[in-house]
Amino acid sequence: MPKATSICNSIVGLMYRAAAWANVADNAAAAPLANVFISLQTGNITAATGLQNENEVAYTNYARKSTLRSATDWTVPSGGSLNNATLQQLPACGVTGATASHVATGIAVSGATAAWHFGALNSTLAIANGITPQFNIGALVVQET
C-alpha cells in the first residue's frame with residue numbers, strides 16, 4: 001500500500017538527517033547511528049538479501065564513504081526524496097580497478113549489513129588507477145516510495 005509524500009519525507013528525514021518524526025520516532029536512543037555509508041556495486045542488490053556488501057566493488061583502496069547522518073550532509077526532504085548536500089568522494093583507485101553500475105547507502109563501514117536504499121547509477125563508471133569516484137552536490141538522490 002502506498003505512503004503519503006509527507007510520510008516518505010519523514011522516513012528519509014529520520015534515516016539520513018536524524019530528524020525527529022513527531023509522535024512516531026526520534027533520534028534519542030542511547031547510541032544512535034551517527035553516519036550513513038555510501039557504497040558502489042558492480043550489480044544491483046537484491047531485495048531478498050538487502051545487504052550492502054552484495055556485488056560491492058573491490059578496487060584497490062576502495063572503502064565505503066562515511067557521511068554524517070545530519071542536515072550537514074543531506075538536504076531537506078521534498079517530494080519523498082532527499083539529496084547529498086555535500087560533495088561525496090570515495091577513495092581514489094589504485095592499481096586494480098572495477099566497473100560500478102549501482103550505488104547503495106547503509107549503516108556500517110564494511111560487511112554484510114543492511115542496505116537502506118540502493119539502485120542503478122545513471123551510467124556505469126569505469127574506475128581505473130587514479131580515478132576518484134564521487135557524487136557532486138545533489139547528484140545522489142534517495143527516493144522513498
# chains A, B, ... in the order shown; residues from 1 in each chain; ligands from 1

call {"tool": "select_by_dssp", "arguments": {"residues": "chain A", "states": "alpha helix (DSSP H)", "output": "PyMOL selection string"}}
result
chain A and resi 5-17

call {"tool": "closest_residue", "arguments": {"among": "A:Asn53, A:Ser123, A:Gln143, A:Ser39", "to": "Thr105 (chain A)", "atoms": "only C-alpha atoms"}}
result
A:Ser39

call {"tool": "residues_around", "arguments": {"residues": "Arg69 (chain A)", "least_positions_apart": "4", "cutoff": "9 Å", "atoms": "only C-alpha atoms", "output": "PyMOL selection string"}}
result
chain A and resi 14-18+33-36+73-74

call {"tool": "select_by_dssp", "arguments": {"residues": "region 35-131 of chain A", "states": "strand (DSSP E)", "output": "PyMOL selection string"}}
result
chain A and resi 35-41+65-68+81-83+88-89+98-106+115-127

call {"tool": "write_last_selection", "arguments": {"atoms": "C-alpha atoms", "output": "compact mmCIF listing (two decimals), in the first residue's frame"}}
result
# COMPACT_ATOMS: atom_id res chain seq x y z
CA ASN A 35 26.80 8.03 9.95
CA VAL A 36 25.39 6.72 6.69
CA PHE A 37 27.78 4.81 4.41
CA ILE A 38 27.76 5.05 0.61
CA SER A 39 28.93 2.02 -1.37
CA LEU A 40 29.40 1.22 -5.04
CA GLN A 41 28.24 -2.04 -6.59
CA LYS A 65 32.19 6.62 2.08
CA SER A 66 31.09 7.77 5.51
CA THR A 67 28.65 10.69 5.59
CA LEU A 68 27.16 12.45 8.57
CA SER A 81 13.31 12.22 -1.56
CA LEU A 82 16.48 13.96 -0.48
CA ASN A 83 19.96 14.50 -1.94
CA GLN A 88 30.86 12.83 -1.56
CA GLN A 89 34.16 11.33 -2.75
CA ALA A 98 36.43 -2.05 -11.22
CA THR A 99 33.26 -1.01 -13.03
CA ALA A 100 30.42 0.31 -10.87
CA SER A 101 26.84 0.22 -12.09
CA HIS A 102 24.94 0.68 -8.83
CA VAL A 103 25.10 2.58 -5.54
CA ALA A 104 23.75 1.89 -2.06
CA THR A 105 23.50 3.51 1.35
CA GLY A 106 23.68 1.67 4.63
CA ALA A 115 21.36 -1.54 2.76
CA TRP A 116 18.85 1.25 3.32
CA HIS A 117 18.44 2.30 -0.30
CA PHE A 118 20.02 1.00 -3.50
CA GLY A 119 19.73 1.43 -7.24
CA ALA A 120 21.39 1.93 -10.60
CA LEU A 121 23.76 4.76 -11.46
CA ASN A 122 22.72 6.92 -14.44
CA SER A 123 25.58 5.28 -16.34
CA THR A 124 28.29 2.77 -15.50
CA LEU A 125 31.53 4.11 -14.10
CA ALA A 126 34.87 2.59 -15.12
CA ILE A 127 37.11 3.05 -12.10

call {"tool": "closest_residue", "arguments": {"among": "A:Asn9, A:Thr86, A:Ser70, A:Ser110", "to": "Gln134 (chain A)", "atoms": "only C-alpha atoms"}}
result
A:Thr86

call {"tool": "residues_around", "arguments": {"residues": "Ile11 (chain A)", "least_positions_apart": "5", "cutoff": "9 Å", "atoms": "only C-alpha atoms", "output": "list in words"}}
result
Ser6, Tyr16, Trp21, Gly80 and Glu144 of chain A

call {"tool": "write_last_selection", "arguments": {"atoms": "C-alpha atoms", "output": "mmCIF file, in the first residue's frame"}}
result
data_model
loop_
_atom_site.group_PDB
_atom_site.id
_atom_site.type_symbol
_atom_site.label_atom_id
_atom_site.label_comp_id
_atom_site.auth_asym_id
_atom_site.auth_seq_id
_atom_site.Cartn_x
_atom_site.Cartn_y
_atom_site.Cartn_z
ATOM 1 C CA SER A 6 4.758 13.629 3.883
ATOM 2 C CA TYR A 16 19.513 10.428 6.792
ATOM 3 C CA TRP A 21 9.270 12.288 13.342
ATOM 4 C CA GLY A 80 9.621 11.870 -0.759
ATOM 5 C CA GLU A 144 11.377 6.664 -0.533
#

call {"tool": "closest_residue", "arguments": {"among": "A:Thr113, A:Asn61, A:Thr49, A:Thr72", "to": "Pro133 (chain A)", "atoms": "only C-alpha atoms"}}
result
A:Asn61

call {"tool": "closest_residue", "arguments": {"among": "A:Val57, A:Ile137, A:Ala22, A:Cys8", "to": "Asn84 (chain A)", "atoms": "only C-alpha atoms"}}
result
A:Ile137
